[in-house]
Amino acid sequence: MKIITTSTLSDQQKQAALNIWNAEYPVRLLMPGMDEFDAFINPLINPKHYLLINEIDEIIGWAATFSIEPVRCFFIMLSGSVHGKGYGALLLNELKKDGTRLFGWAIDHSGDIKADGEPYPSPINFYRKNGFTINTDLRLENEQLSAVNILWEKK
């Protein structure tokens with residue numbers, strides 16, 4: 001496995017990231033096509049993309065950091081075929097190398113369904129194991145997402 005970083009994604013990289021997004025995130029967050037995906041990633045301020053590449057040069061994970069002053073925000077996703085194998089922590093540790101704080105949102109319930117009909121597993125325990133604080137007092141609630149704030153700070 002290798003991780004590459006870039007400030008912009010090629011068309012091929014965007015398509016791979018979109019495929020992972022639509023396969024792994026809840027149905028309510030699906031993006032029908034590249035136009036919607038571009039509308040999501042193009043406005044990101046000061047983005048840095050991290051791509052997890054397997055031994056046959058397939059993108060199996062994608063993460064990004066971006067700025068919403070004064071904080072550095074992030075998201076991370078992996079192909080389901082590599083969940084539970086330590087690659088999420090590997091990718092997350094790369095993000096941690098580039099700053100002292102990471103701010104994000106994570107679904108903290110089991111009420112969402114993925115496109116394949118399977119339940120979306122909350123990543124809260126993953127973030128706890130990787131040193132994040134779960135701030136239950138700060139929530140994001142809208143028609144697409146019900147999530148709790150997660151924060152990592154370098155010690």
# chains A, B, ... in the order shown; residues from 1 in each chain; ligands from 1

$ closest_atom_pairs --of "segment 6-87 of chain A" --to "segment 102-120 of chain A" --cutoff "10 Å" --atoms "only C-alpha atoms" --output "JSON lines"
{"residue": "A:Asn22", "atom": "CA", "partner": "A:Ala115", "partner_atom": "CA", "distance": 7.0}
{"residue": "A:Ala23", "atom": "CA", "partner": "A:Ala115", "partner_atom": "CA", "distance": 6.2}
{"residue": "A:Glu24", "atom": "CA", "partner": "A:Lys114", "partner_atom": "CA", "distance": 6.4}
{"residue": "A:Tyr25", "atom": "CA", "partner": "A:Lys114", "partner_atom": "CA", "distance": 6.0}
{"residue": "A:Pro26", "atom": "CA", "partner": "A:Lys114", "partner_atom": "CA", "distance": 4.4}
{"residue": "A:Val27", "atom": "CA", "partner": "A:Lys114", "partner_atom": "CA", "distance": 5.1}
{"residue": "A:Arg28", "atom": "CA", "partner": "A:Asp112", "partner_atom": "CA", "distance": 8.0}
{"residue": "A:Leu29", "atom": "CA", "partner": "A:Lys114", "partner_atom": "CA", "distance": 9.2}
{"residue": "A:Leu30", "atom": "CA", "partner": "A:Ala115", "partner_atom": "CA", "distance": 8.0}
{"residue": "A:Thr65", "atom": "CA", "partner": "A:Leu102", "partner_atom": "CA", "distance": 8.2}
{"residue": "A:Phe66", "atom": "CA", "partner": "A:Leu102", "partner_atom": "CA", "distance": 9.6}
{"residue": "A:Ser67", "atom": "CA", "partner": "A:Phe103", "partner_atom": "CA", "distance": 9.7}
{"residue": "A:Ile68", "atom": "CA", "partner": "A:Phe103", "partner_atom": "CA", "distance": 9.6}
{"residue": "A:Val71", "atom": "CA", "partner": "A:Phe103", "partner_atom": "CA", "distance": 6.8}
{"residue": "A:Arg72", "atom": "CA", "partner": "A:Leu102", "partner_atom": "CA", "distance": 5.5}
{"residue": "A:Cys73", "atom": "CA", "partner": "A:Phe103", "partner_atom": "CA", "distance": 4.5}
{"residue": "A:Phe74", "atom": "CA", "partner": "A:Gly104", "partner_atom": "CA", "distance": 5.6}
{"residue": "A:Phe75", "atom": "CA", "partner": "A:Gly104", "partner_atom": "CA", "distance": 6.6}
{"residue": "A:Ile76", "atom": "CA", "partner": "A:Gly104", "partner_atom": "CA", "distance": 9.6}

$ select_by_dssp --residues "segment 44-147 of chain A" --states "alpha helix (DSSP H)" --output "list in words"
Tyr87, Gly88, Ala89, Leu90, Leu91, Leu92, Asn93, Glu94, Leu95, Lys96, Lys97, Ile124, Asn125, Phe126, Tyr127, Arg128 and Lys129 of chain A

$ residues_around --residues "Ser7 of chain A" --least-positions-apart "4" --cutoff "9 Å" --atoms "only C-alpha atoms" --output "short mmCIF file (atom, residue, chain, number, x, y, z; two decimals) with C-alpha atoms, in the first residue's frame"
data_model
loop_
_atom_site.label_atom_id
_atom_site.label_comp_id
_atom_site.auth_asym_id
_atom_site.auth_seq_id
_atom_site.Cartn_x
_atom_site.Cartn_y
_atom_site.Cartn_z
CA ASN A 46 -6.77 24.85 0.59
CA PRO A 47 -7.54 21.15 0.00
CA LYS A 48 -5.05 18.34 0.35
CA HIS A 49 -6.19 14.95 -0.93
CA TYR A 50 -4.73 11.68 0.31
#

$ select_by_dssp --residues "segment 14-104 of chain A" --states "strand (DSSP E)" --output "PyMOL selection string"
chain A and resi 45-53+59-68+71-78+101-104

$ closest_residue --among "A:Glu94, A:Asp11, A:Glu141, A:Glu69" --to "Leu44 of chain A" --atoms "only C-alpha atoms"
A:Glu69

$ closest_residue --among "A:Glu58, A:Pro43, A:Leu78, A:Lys155" --to "Ile20 of chain A" --atoms "only C-alpha atoms"
A:Leu78

$ residues_around --residues "Leu18 of chain A" --least-positions-apart "5" --cutoff "9 Å" --atoms "only C-alpha atoms" --output "PyMOL selection string"
chain A and resi 13+23+31+33-34+37

$ residues_around --residues "Phe126 of chain A" --least-positions-apart "5" --cutoff "10 Å" --atoms "only C-alpha atoms" --output "compact mmCIF listing (two decimals) with all heavy atoms, in the first residue's frame"
# COMPACT_ATOMS: atom_id res chain seq x y z
N GLY A 84 -11.40 -2.66 8.49
CA GLY A 84 -10.95 -3.53 9.57
C GLY A 84 -9.55 -4.09 9.42
O GLY A 84 -9.16 -4.99 10.16
N GLY A 88 -7.45 2.33 7.42
CA GLY A 88 -8.07 3.59 7.81
C GLY A 88 -7.18 4.35 8.78
O GLY A 88 -6.97 5.55 8.64
N ALA A 89 -6.62 3.63 9.75
CA ALA A 89 -5.69 4.26 10.70
C ALA A 89 -4.44 4.74 9.98
O ALA A 89 -3.93 5.83 10.28
CB ALA A 89 -5.33 3.28 11.82
N GLY A 131 -7.77 8.30 18.82
CA GLY A 131 -7.43 9.48 19.59
C GLY A 131 -8.33 10.69 19.44
O GLY A 131 -7.97 11.79 19.87
N PHE A 132 -9.51 10.51 18.85
CA PHE A 132 -10.43 11.63 18.68
C PHE A 132 -11.33 11.79 19.89
O PHE A 132 -11.69 10.82 20.55
CB PHE A 132 -11.31 11.42 17.43
CG PHE A 132 -10.64 11.75 16.14
CD1 PHE A 132 -9.68 10.90 15.61
CD2 PHE A 132 -10.94 12.91 15.46
CE1 PHE A 132 -9.05 11.19 14.41
CE2 PHE A 132 -10.31 13.22 14.27
CZ PHE A 132 -9.37 12.35 13.74

$ residues_around --residues "Asn149 of chain A" --least-positions-apart "2" --cutoff "7 Å" --atoms "only C-alpha atoms" --output "PyMOL selection string"
chain A and resi 104-106+134-136+138-139+147+151

$ residues_around --residues "Glu55 of chain A" --least-positions-apart "3" --cutoff "12 Å" --atoms "only C-alpha atoms" --output "PDB file with C-alpha atoms, in the first residue's frame"
ATOM      1  CA  MET A   1       0.000   0.000   0.000  1.00  0.00           C
ATOM      2  CA  LYS A   2       1.057   3.551  -0.640  1.00  0.00           C
ATOM      3  CA  ILE A   3      -0.424   6.958   0.045  1.00  0.00           C
ATOM      4  CA  LEU A  52      -4.608   5.101  -0.578  1.00  0.00           C
ATOM      5  CA  GLU A  58      -6.300   0.983  -7.526  1.00  0.00           C
ATOM      6  CA  ILE A  59      -7.525   3.765  -5.274  1.00  0.00           C
ATOM      7  CA  ILE A  60      -9.068   2.026  -2.271  1.00  0.00           C
TER       8      ILE A  60
END
